[in-house]
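Chemist: See data-v5.cif below, with mmCIF, C-alpha atoms.
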data_my_file
#
loop_
_atom_site.label_atom_id
_atom_site.label_comp_id
_atom_site.auth_asym_id
_atom_site.auth_seq_id
_atom_site.Cartn_x
_atom_site.Cartn_y
_atom_site.Cartn_z
CA MET A 106 0.00 0.00 0.00
CA ALA A 107 1.31 3.39 -0.89
CA THR A 108 1.46 6.21 1.59
CA PRO A 109 -1.51 8.58 1.66
CA SER A 110 0.65 11.50 0.65
CA GLU A 111 0.71 10.17 -2.89
CA TYR A 112 -3.00 10.66 -3.23
CA PRO A 113 -4.93 11.81 -5.08
CA LYS A 114 -2.94 10.73 -8.08
CA GLN A 115 -2.87 13.25 -10.87
CA VAL A 116 -3.72 11.73 -14.18
CA ILE A 117 -3.15 13.54 -17.42
CA TYR A 118 -5.95 13.30 -19.92
CA CYS A 119 -5.50 13.72 -23.63
CA GLY A 120 -6.80 17.01 -24.91
CA VAL A 121 -8.06 15.45 -28.13
CA CYS A 122 -9.90 12.30 -27.12
CA THR A 123 -10.10 12.90 -23.32
CA LEU A 124 -8.76 9.42 -22.50
CA PRO A 125 -5.56 8.92 -20.57
CA PRO A 126 -2.84 9.11 -23.22
CA GLU A 127 -2.03 5.43 -22.83
CA TYR A 128 -5.36 4.59 -24.34
CA CYS A 129 -5.19 7.04 -27.25
CA GLU A 130 -4.12 4.25 -29.55
CA PHE A 131 -7.55 2.71 -29.19
CA GLY A 132 -9.44 5.89 -29.85
CA GLY A 133 -9.29 6.29 -33.61
CA THR A 134 -7.69 9.72 -33.52
CA VAL A 135 -4.23 8.45 -32.77
CA LYS A 136 -2.40 10.89 -35.04
CA LYS A 137 -3.91 13.94 -33.48
CA CYS A 138 -3.53 12.58 -29.98
CA GLU A 139 0.12 11.95 -30.61
CA GLU A 140 0.67 15.48 -31.85
CA TRP A 141 -1.16 16.91 -28.90
CA LEU A 142 0.86 14.90 -26.45
CA GLU A 143 4.12 15.88 -28.06
CA GLU A 144 3.19 19.50 -27.74
CA ASN A 145 1.88 19.42 -24.21
CA HIS A 146 3.65 16.62 -22.39
CA SER A 147 6.74 15.76 -24.35
CA ASP A 148 8.18 13.51 -21.64
CA MET A 149 5.13 11.33 -21.75
CA HIS A 150 5.15 11.34 -25.51
CA GLU A 151 8.61 9.91 -25.50
CA LYS A 152 7.56 7.19 -23.15
CA LEU A 153 4.51 6.17 -25.10
CA TYR A 154 5.44 6.58 -28.71
CA SER A 155 9.06 5.50 -28.91
CA GLN A 156 9.90 2.80 -31.38
CA GLU A 157 10.71 0.22 -28.74
CA VAL A 158 7.40 0.52 -27.00
CA ILE A 159 5.45 0.09 -30.18
CA GLU A 160 7.42 -2.97 -31.13
CA LYS A 161 6.99 -4.45 -27.71
CA ASN A 162 3.30 -3.89 -27.84
CA LEU A 163 3.03 -5.66 -31.14
CA SER A 164 5.10 -8.63 -30.10
CA THR A 165 2.70 -9.59 -27.32
CA LEU A 166 -0.05 -10.41 -29.77
CA SER A 167 -0.22 -13.27 -32.20
CA ILE A 168 0.10 -12.34 -35.85
CA ASP A 169 -3.46 -13.19 -36.54
CA ALA A 170 -4.75 -11.05 -33.71
CA GLN A 171 -2.43 -8.29 -34.79
CA LYS A 172 -3.93 -8.24 -38.22
CA ARG A 173 -7.42 -8.13 -36.86
CA ALA A 174 -6.56 -5.38 -34.45
CA GLU A 175 -4.94 -3.45 -37.26
CA LYS A 176 -7.98 -3.74 -39.43
CA ASP A 177 -10.22 -2.77 -36.59
CA SER A 178 -8.25 0.29 -35.69
CA GLN A 179 -8.15 1.37 -39.31
CA LYS A 180 -11.86 1.07 -39.53
CA LYS A 181 -12.27 3.04 -36.36
CA ALA A 182 -9.94 5.76 -37.57
CA ALA A 183 -11.81 6.04 -40.83
CA LYS A 184 -15.06 6.25 -38.98
CA ALA A 185 -13.79 8.96 -36.70
CA ALA A 186 -12.44 10.89 -39.66
CA THR A 187 -15.68 10.77 -41.59
CA ALA A 188 -17.68 11.70 -38.52
CA GLU A 189 -15.52 14.71 -38.00
CA ALA A 190 -15.71 15.75 -41.65
CA LYS A 191 -19.44 15.41 -41.53
CA ALA A 192 -19.72 17.51 -38.41
CA GLN A 193 -17.55 20.16 -39.95
CA GLU A 194 -19.56 20.23 -43.13
CA GLN A 195 -22.74 20.51 -41.19
CA ARG A 196 -21.26 23.33 -39.26
CA ALA A 197 -20.30 25.12 -42.43
CA THR A 198 -23.64 24.73 -44.11
CA SER A 199 -26.11 25.08 -41.29
CA LYS A 200 -27.60 28.46 -40.70
CA ILE A 201 -28.80 30.28 -37.66
CA LEU A 202 -32.03 32.12 -38.24
CA ILE A 203 -32.98 35.09 -36.17
CA LYS A 204 -36.59 35.89 -36.80
CA ARG A 205 -38.46 38.96 -35.74
CA ILE A 206 -42.07 38.06 -35.34
CA GLU A 207 -44.74 40.66 -34.95
CA ARG A 208 -46.92 39.80 -32.09
CA ASN A 209 -49.23 42.71 -31.59
CA LYS A 210 -48.68 45.74 -33.84
CA ARG A 211 -45.77 47.38 -32.11
CA LYS A 212 -44.76 44.41 -30.06
CA TYR A 213 -42.34 41.75 -31.24
CA VAL A 214 -40.79 38.50 -30.22
CA THR A 215 -37.51 37.21 -31.59
CA ALA A 216 -37.05 33.57 -32.46
CA VAL A 217 -33.63 32.00 -32.86
CA GLN A 218 -33.30 28.72 -34.69
CA GLY A 219 -30.47 26.40 -35.55
CA LEU A 220 -28.15 26.85 -32.60
CA GLU A 221 -27.98 23.13 -31.89
CA ALA A 222 -25.93 22.54 -35.02
CA PHE A 223 -23.07 24.44 -33.46
CA GLY A 224 -22.95 22.26 -30.41
CA LEU A 225 -24.65 24.71 -28.13
CA ASP A 226 -27.06 23.78 -25.43
CA ILE A 227 -30.08 25.85 -26.33
CA LYS A 228 -31.51 25.72 -22.86
CA LYS A 229 -28.41 27.37 -21.51
CA VAL A 230 -28.22 29.88 -24.33
CA ALA A 231 -31.84 30.80 -23.72
CA LYS A 232 -31.03 31.49 -20.10
CA ASP A 233 -28.08 33.60 -21.16
CA PHE A 234 -30.21 35.62 -23.53
CA GLY A 235 -32.65 36.30 -20.76
CA LYS A 236 -29.89 37.44 -18.46
CA LYS A 237 -28.11 39.52 -21.04
CA PHE A 238 -31.10 41.35 -22.42
CA ALA A 239 -33.20 41.31 -19.27
CA THR A 240 -36.23 39.86 -20.98
CA GLY A 241 -38.16 36.67 -20.93
CA SER A 242 -36.46 33.97 -22.96
CA SER A 243 -37.56 30.42 -23.37
CA VAL A 244 -37.11 27.29 -25.42
CA THR A 245 -40.20 26.49 -27.45
CA LYS A 246 -41.06 23.63 -29.71
CA VAL A 247 -41.40 24.32 -33.38
CA PRO A 248 -44.36 22.65 -35.10
CA GLY A 249 -42.10 21.00 -37.66
CA GLY A 250 -40.07 19.33 -34.95
CA GLY A 251 -37.05 20.72 -33.17
CA GLU A 252 -36.77 23.60 -30.83
CA GLU A 253 -36.09 27.29 -30.96
CA ILE A 254 -35.38 30.04 -28.51
CA THR A 255 -38.04 32.69 -28.18
CA VAL A 256 -36.97 35.98 -26.71
CA GLN A 257 -39.46 38.65 -25.82
CA GLY A 258 -38.95 41.97 -27.55
CA ASP A 259 -37.37 43.06 -30.78
CA LEU A 260 -33.78 42.03 -30.25
CA SER A 261 -32.74 40.67 -33.61
CA ASP A 262 -29.79 43.01 -34.06
CA ASP A 263 -28.63 42.65 -30.47
CA ILE A 264 -28.80 38.89 -30.67
CA TYR A 265 -26.89 38.94 -33.92
CA ASP A 266 -24.09 40.90 -32.33
CA TYR A 267 -24.13 38.85 -29.17
CA LEU A 268 -23.97 35.54 -31.02
CA THR A 269 -21.11 36.52 -33.27
CA GLU A 270 -19.19 38.01 -30.39
CA THR A 271 -19.55 35.38 -27.71
CA TYR A 272 -19.44 32.19 -29.74
CA SER A 273 -16.34 32.40 -31.81
CA ASP A 274 -16.96 29.18 -33.69
CA ILE A 275 -20.06 30.58 -35.37
CA PRO A 276 -19.08 32.24 -38.64
CA GLU A 277 -20.81 35.55 -39.13
CA ASP A 278 -22.07 34.62 -42.58
CA ASN A 279 -24.07 31.81 -41.13
CA VAL A 280 -26.29 34.04 -39.09
CA ASP A 281 -29.31 35.40 -40.87
CA CYS A 282 -31.75 38.00 -39.73
CA ILE A 283 -35.20 37.85 -41.25
CA GLU A 284 -38.37 39.64 -40.53
CA ASP A 285 -41.58 37.78 -40.21
CA LYS A 286 -44.26 40.32 -40.86
CA LYS A 287 -47.46 38.60 -39.99
CA LYS A 288 -47.97 35.63 -37.82
CA LYS A 289 -51.50 35.77 -36.62
CA VAL A 290 -54.50 37.32 -38.29
CA PRO A 291 -56.03 39.82 -35.90
CA SER A 292 -59.35 38.58 -34.76
CA MET B 218 -24.84 0.82 -19.59
CA PHE B 219 -23.52 4.02 -21.10
CA LYS B 220 -22.77 3.00 -24.64
CA LYS B 221 -24.50 5.96 -26.16
CA ASP B 222 -23.70 9.56 -25.57
CA MET B 223 -26.16 11.06 -23.22
CA THR B 224 -27.27 14.29 -21.76
CA PRO B 225 -27.51 14.82 -18.03
CA GLY B 226 -30.98 15.21 -16.64
CA SER B 227 -32.01 17.31 -13.73
CA LYS B 228 -29.46 18.18 -11.12
CA SER B 229 -30.53 18.42 -7.54
CA LYS B 230 -28.89 18.86 -4.22
CA VAL B 231 -28.58 15.85 -1.97
CA LYS B 232 -30.01 16.16 1.51
CA SER B 233 -27.36 16.09 4.14
CA SER B 234 -28.90 13.03 5.74
CA ALA B 235 -28.86 11.23 2.41
CA GLN B 236 -25.33 12.42 1.94
CA ARG B 237 -24.33 10.77 5.20
CA GLY B 238 -25.96 7.60 3.95
CA ILE B 239 -23.99 7.70 0.73
CA ARG B 240 -20.81 8.26 2.61
CA ALA B 241 -21.51 5.31 4.85
CA LYS B 242 -22.37 3.13 1.91
CA VAL B 243 -19.23 4.09 0.03
CA LEU B 244 -17.14 3.27 3.05
CA GLU B 245 -18.91 0.00 3.50
CA SER B 246 -18.34 -1.09 -0.09
CA TYR B 247 -14.83 0.33 -0.41
CA PRO B 248 -13.24 0.23 3.05
CA LEU B 249 -9.86 1.01 1.55
CA LEU B 250 -11.06 4.47 0.65
CA GLU B 251 -11.31 5.37 4.28
CA PRO B 252 -8.09 7.38 4.62
CA TYR B 253 -9.14 9.57 1.71
CA ILE B 254 -12.83 9.89 2.29
CA GLU B 255 -12.48 13.39 3.62
CA GLU B 256 -10.88 14.42 0.33
CA ILE B 257 -13.44 12.66 -1.81
CA LEU B 258 -16.60 13.37 0.09
CA PRO B 259 -15.92 16.25 2.46
CA LYS B 260 -18.51 16.36 5.20
CA LYS B 261 -19.28 20.00 4.71
CA GLU B 262 -19.57 20.06 0.94
CA GLN B 263 -22.84 19.89 -0.87
CA LEU B 264 -23.20 16.84 -3.08
CA ASP B 265 -25.28 16.98 -6.23
CA LEU B 266 -27.33 14.22 -7.70
CA VAL B 267 -27.55 14.17 -11.48
CA LYS B 268 -30.17 12.00 -13.04
CA LEU B 269 -29.06 10.08 -16.09
CA PRO B 270 -31.05 8.02 -18.55
CA ASP B 271 -32.03 4.46 -17.55
CA ARG B 272 -32.50 5.28 -13.90
CA VAL B 273 -28.89 5.89 -13.22
CA SER B 274 -28.02 8.50 -10.68
CA LEU B 275 -24.65 10.15 -10.58
CA TYR B 276 -23.28 11.86 -7.50
CA THR B 277 -21.08 14.80 -8.19
CA LEU B 278 -19.19 17.31 -6.16
CA GLY B 279 -19.17 20.54 -8.11
CA SER B 280 -18.35 19.44 -11.61
CA THR B 281 -16.37 16.32 -10.68
CA PRO B 282 -18.29 13.09 -10.97
CA LEU B 283 -17.68 10.75 -8.05
CA PHE B 284 -20.01 7.77 -7.93
CA PHE B 285 -22.88 6.42 -9.92
CA GLN B 286 -25.59 3.98 -9.11
CA HIS B 287 -28.21 2.19 -11.13
CA MET B 288 -31.40 2.00 -9.06
CA ASP B 289 -30.33 0.16 -5.92
CA ASP B 290 -27.42 -1.71 -7.41
CA PRO B 291 -24.05 -1.38 -5.74
CA ILE B 292 -22.65 2.10 -5.89
CA MET B 293 -19.79 2.32 -8.34
CA PRO B 294 -16.93 4.80 -8.63
CA HIS B 295 -16.48 6.99 -11.67
CA LEU B 296 -13.28 6.28 -13.56
CA THR B 297 -11.73 9.65 -12.81
CA LEU B 298 -12.01 8.73 -9.15
CA VAL B 299 -10.51 5.33 -9.81
CA HIS B 300 -7.59 6.99 -11.55
CA LYS B 301 -6.99 9.14 -8.52
CA TYR B 302 -7.17 6.35 -5.94
CA PRO B 303 -6.34 3.18 -7.84
CA ASP B 304 -5.33 1.17 -4.80
CA ALA B 305 -8.64 1.44 -3.04
CA PHE B 306 -10.61 -0.94 -5.23
CA ASN B 307 -10.64 -4.58 -6.15
CA ARG B 308 -8.68 -4.83 -9.31
CA LEU B 309 -8.28 -7.27 -12.13
CA ARG B 310 -6.17 -6.96 -15.21
CA ILE B 311 -6.91 -7.88 -18.79
CA ASP B 312 -4.47 -8.69 -21.56
CA ARG B 313 -3.67 -6.35 -24.39
CA GLY B 314 -5.86 -8.07 -26.89
CA ALA B 315 -8.97 -7.41 -24.87
CA ILE B 316 -8.50 -3.68 -24.44
CA ARG B 317 -10.02 -2.65 -27.70
CA PHE B 318 -13.13 -4.71 -27.04
CA VAL B 319 -13.54 -3.27 -23.60
CA LEU B 320 -13.14 0.24 -24.92
CA SER B 321 -15.92 -0.34 -27.38
CA GLY B 322 -18.22 -1.46 -24.62
CA ALA B 323 -18.21 -5.23 -24.87
CA THR B 324 -18.88 -7.52 -21.96
CA LEU B 325 -15.58 -8.74 -20.65
CA MET B 326 -14.94 -12.40 -21.33
CA ALA B 327 -13.02 -14.69 -19.02
CA PRO B 328 -10.13 -15.54 -21.38
CA GLY B 329 -9.08 -11.89 -21.30
CA LEU B 330 -8.41 -12.32 -17.60
CA THR B 331 -7.05 -15.84 -17.48
CA SER B 332 -4.53 -15.50 -20.32
CA PRO B 333 -0.87 -14.75 -19.49
CA GLY B 334 -1.42 -11.01 -19.83
CA GLY B 335 -4.40 -10.96 -17.51
CA ARG B 336 -4.39 -11.00 -13.76
CA LEU B 337 -6.83 -12.42 -11.29
CA PRO B 338 -6.55 -12.33 -7.50
CA ASP B 339 -3.98 -14.70 -6.04
CA ASP B 340 -2.14 -14.91 -9.34
CA ASP B 341 1.24 -16.63 -9.38
CA GLU B 342 2.68 -14.07 -11.75
CA ASP B 343 1.53 -11.17 -9.67
CA GLU B 344 4.64 -10.55 -7.59
CA GLU B 345 3.75 -7.32 -5.89
CA GLY B 346 0.36 -8.48 -4.73
CA ARG B 347 -1.29 -5.66 -6.60
CA TYR B 348 -4.31 -7.69 -7.41
CA GLY B 349 -5.03 -9.00 -3.94
CA GLU B 350 -5.19 -12.55 -2.69
CA ASP B 351 -8.80 -13.10 -1.86
CA GLU B 352 -11.02 -14.56 -4.50
CA LEU B 353 -13.89 -12.34 -5.48
CA GLU B 354 -17.51 -13.37 -5.59
CA ALA B 355 -19.84 -12.85 -8.50
CA GLY B 356 -21.62 -9.54 -8.16
CA SER B 357 -18.76 -7.61 -6.64
CA VAL B 358 -17.62 -4.38 -8.19
CA VAL B 359 -14.21 -4.51 -9.80
CA VAL B 360 -11.92 -2.10 -11.54
CA ILE B 361 -10.38 -3.45 -14.70
CA GLU B 362 -6.86 -2.45 -15.53
CA ALA B 363 -5.00 -3.35 -18.67
CA GLU B 364 -1.72 -5.01 -19.48
CA GLY B 365 1.03 -2.46 -19.88
CA LYS B 366 -1.12 0.47 -18.77
CA ASP B 367 -1.10 2.32 -15.49
CA THR B 368 -4.61 3.61 -15.45
CA ALA B 369 -7.80 1.63 -15.24
CA CYS B 370 -10.05 1.29 -18.25
CA MET B 371 -13.30 -0.05 -16.87
CA VAL B 372 -15.49 -0.40 -13.81
CA GLY B 373 -17.90 -3.28 -13.78
CA VAL B 374 -19.73 -5.94 -11.85
CA LEU B 375 -18.44 -9.51 -11.87
CA ARG B 376 -20.71 -12.02 -13.53
CA MET B 377 -18.69 -14.94 -12.34
CA GLY B 378 -16.59 -15.54 -9.25
CA THR B 379 -12.88 -15.34 -9.88
CA GLU B 380 -12.38 -18.88 -8.66
CA GLU B 381 -14.84 -20.18 -11.17
CA MET B 382 -13.18 -18.11 -13.86
CA LYS B 383 -9.89 -19.83 -13.27
CA LYS B 384 -11.53 -23.19 -13.63
CA VAL B 385 -13.83 -22.60 -16.55
CA LYS B 386 -11.85 -20.00 -18.51
CA LYS B 387 -14.83 -19.29 -20.66
CA GLY B 388 -17.89 -17.15 -20.82
CA GLN B 389 -18.81 -13.71 -19.63
CA ALA B 390 -16.69 -12.54 -16.78
CA CYS B 391 -17.61 -8.99 -16.08
CA GLU B 392 -20.40 -6.77 -17.16
CA ALA B 393 -19.33 -3.51 -18.71
CA GLY B 394 -20.54 -0.81 -16.40
CA HIS B 395 -18.50 2.21 -17.16
CA TYR B 396 -15.50 2.27 -19.49
CA LEU B 397 -13.15 4.84 -20.90
CA GLY B 398 -14.74 6.88 -23.62
CA ASP B 399 -18.35 5.92 -22.96
CA GLY B 400 -21.27 8.23 -22.47
CA LEU B 401 -20.64 8.69 -18.78
CA TRP B 402 -17.01 9.44 -19.43
CA GLY B 403 -17.83 12.06 -22.02
CA LEU B 404 -20.57 13.58 -19.94
CA ASN B 405 -20.34 17.31 -19.66
CA LEU B 406 -21.27 18.54 -16.22
CA GLY B 407 -21.05 22.23 -16.62
#
Represent the supplied structure as structure tokens.

Modeler:
Amino acid sequence: MATPSEYPKQVIYCGVCTLPPEYCEFGGTVKKCEEWLEENHSDMHEKLYSQEVIEKNLSTLSIDAQKRAEKDSQKKAAKAATAEAKAQEQRATSKILIKRIERNKRKYVTAVQGLEAFGLDIKKVAKDFGKKFATGSSVTKVPGGGEEITVQGDLSDDIYDYLTETYSDIPEDNVDCIEDKKKKVPS
Amino acid sequence: MFKKDMTPGSKSKVKSSAQRGIRAKVLESYPLLEPYIEEILPKKEQLDLVKLPDRVSLYTLGSTPLFFQHMDDPIMPHLTLVHKYPDAFNRLRIDRGAIRFVLSGATLMAPGLTSPGGRLPDDDEDEEGRYGEDELEAGSVVVIEAEGKDTACMVGVLRMGTEEMKKVKKGQACEAGHYLGDGLWGLNLG
């Protein structure tokens, strides 16, 4: 048993795949993990990715199992790569819509759609909107499926600025402001 | 249990009486944690209970996950906790070949533990006594380490006693509870 002073043990986690670096090789993003480790913890990189270690690792498996493992890891890597490409593409193409909806002549609500595609938690963003602009802000269901944030008041320009400023991974071109003139027919 | 990515449900504060209960239960199941319990579950701190899908509840302290529990099953440590206090749990070791299966969420099979790379309690090749000497019963919570790695890769419940495993060397050995890279691991508790 080790002495209590050694605890808690500090474990380094990979910045790319979040696993302890030892397990990066099973993650599918080995290349990136390796680069990250070299940059951030070069001593550990040396320990894990030196030629000897790799050879030793391979020698413990039978040739047949090696081949299978190889194939498996390749498949995994390919999968991870395509998933990432897909996510990126989606990010590039998806749009955020900021809609100004007339509610009652001079009164407006602002609806924001499409934030989920950028990996944002819309519930949290809605709360932030409410705090920032001091208005009511809620997540509402859209009839066609999905959810949007509804903010009370005409805030389309403010929200536009706020979004592009606070969330740096949203390109400005992907945010659209549109005006929805009529929603309900006055009774 | 956590193969898919998931989103945390509601977060609520744990009553201090319930918190005492959890503390007692943790100590009962993992007596070796005792010297560190004050660091893990400080008496004064407020624990949070996060509900997860499939009736799993996760106990967190701030944004660090500590333990999780499925209904009234045994309470199990989160892997980050295991990494911090590796000596406090019952441990087994698997061989290299099994790692990739475990990391993709498969049920652990006995050969992964009985082969030369694996370690069971009271193993002849285990010189330092890292893996204990007492045989473990089916249903006990174990931490699975891997050949050539320092950190643990899985926490699970034994399906089969270790003694039986040594004899039979076949079949399901340990149910995958929580493994590196699963939904619980990737959970964002912000």

Chemist: Here's the selection I'm unsure about, the PyMOL selection byres ((chain B and resi 381) around 10); applied to the file above, which residues does it give, as an mmCIF file with C-alpha atoms, in the frame of the given file?

Modeler:
data_model
loop_
_atom_site.group_PDB
_atom_site.id
_atom_site.type_symbol
_atom_site.label_atom_id
_atom_site.label_comp_id
_atom_site.auth_asym_id
_atom_site.auth_seq_id
_atom_site.Cartn_x
_atom_site.Cartn_y
_atom_site.Cartn_z
ATOM 1 C CA ALA B 327 -13.020 -14.690 -19.020
ATOM 2 C CA GLU B 352 -11.020 -14.560 -4.500
ATOM 3 C CA LEU B 353 -13.890 -12.340 -5.480
ATOM 4 C CA GLU B 354 -17.510 -13.370 -5.590
ATOM 5 C CA ALA B 355 -19.840 -12.850 -8.500
ATOM 6 C CA MET B 377 -18.690 -14.940 -12.340
ATOM 7 C CA GLY B 378 -16.590 -15.540 -9.250
ATOM 8 C CA THR B 379 -12.880 -15.340 -9.880
ATOM 9 C CA GLU B 380 -12.380 -18.880 -8.660
ATOM 10 C CA MET B 382 -13.180 -18.110 -13.860
ATOM 11 C CA LYS B 383 -9.890 -19.830 -13.270
ATOM 12 C CA LYS B 384 -11.530 -23.190 -13.630
ATOM 13 C CA VAL B 385 -13.830 -22.600 -16.550
ATOM 14 C CA LYS B 386 -11.850 -20.000 -18.510
ATOM 15 C CA LYS B 387 -14.830 -19.290 -20.660
ATOM 16 C CA ALA B 390 -16.690 -12.540 -16.780
#

Chemist: Could you please select, counting all atoms listed in the file, the residues of chain B within 12 Å of chain A and state them as a ChimeraX atom specification?

Modeler: /B:224-225,249-257,296-306,312-321,332-334,345-349,362-371,396-399,402-405,407

Chemist: Work out how far atom CA of Asp281 of chain A is from atom CA of Ala222 of chain A, in Å to one decimal.

Modeler: 14.5 Å

Chemist: Expand the PyMOL selection byres ((chain B and resi 358) around 12) into the individual residues it matches in the shown file, reporting them as a VMD selection string.

Modeler: chain B and resid 243 246 to 247 286 290 to 295 305 to 309 353 to 357 359 to 361 371 to 378 390 to 395

Chemist: Kindly resolve the PyMOL selection byres ((chain A and resi 194-200) around 6) on the present coordinates and return the residues as a count of residues only.

Modeler: 6

Chemist: Can you tell me how far atom CA of Lys220 of chain B sits from atom CA of Glu189 of chain A, in Å to one decimal?

Modeler: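 Separating atom CA of Lys220 of chain B from atom CA of Glu189 of chain A is a distance of 19.2 Å.
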
Chemist: With distances taken over only C-alpha atoms, which of A:Cys282, A:Val230, A:Leu142, A:Ile275 is nearest to Asp263 of chain A?

Modeler: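 Among A:Cys282, A:Val230, A:Leu142, A:Ile275, it is A:Cys282 that comes nearest to Asp263 of chain A.
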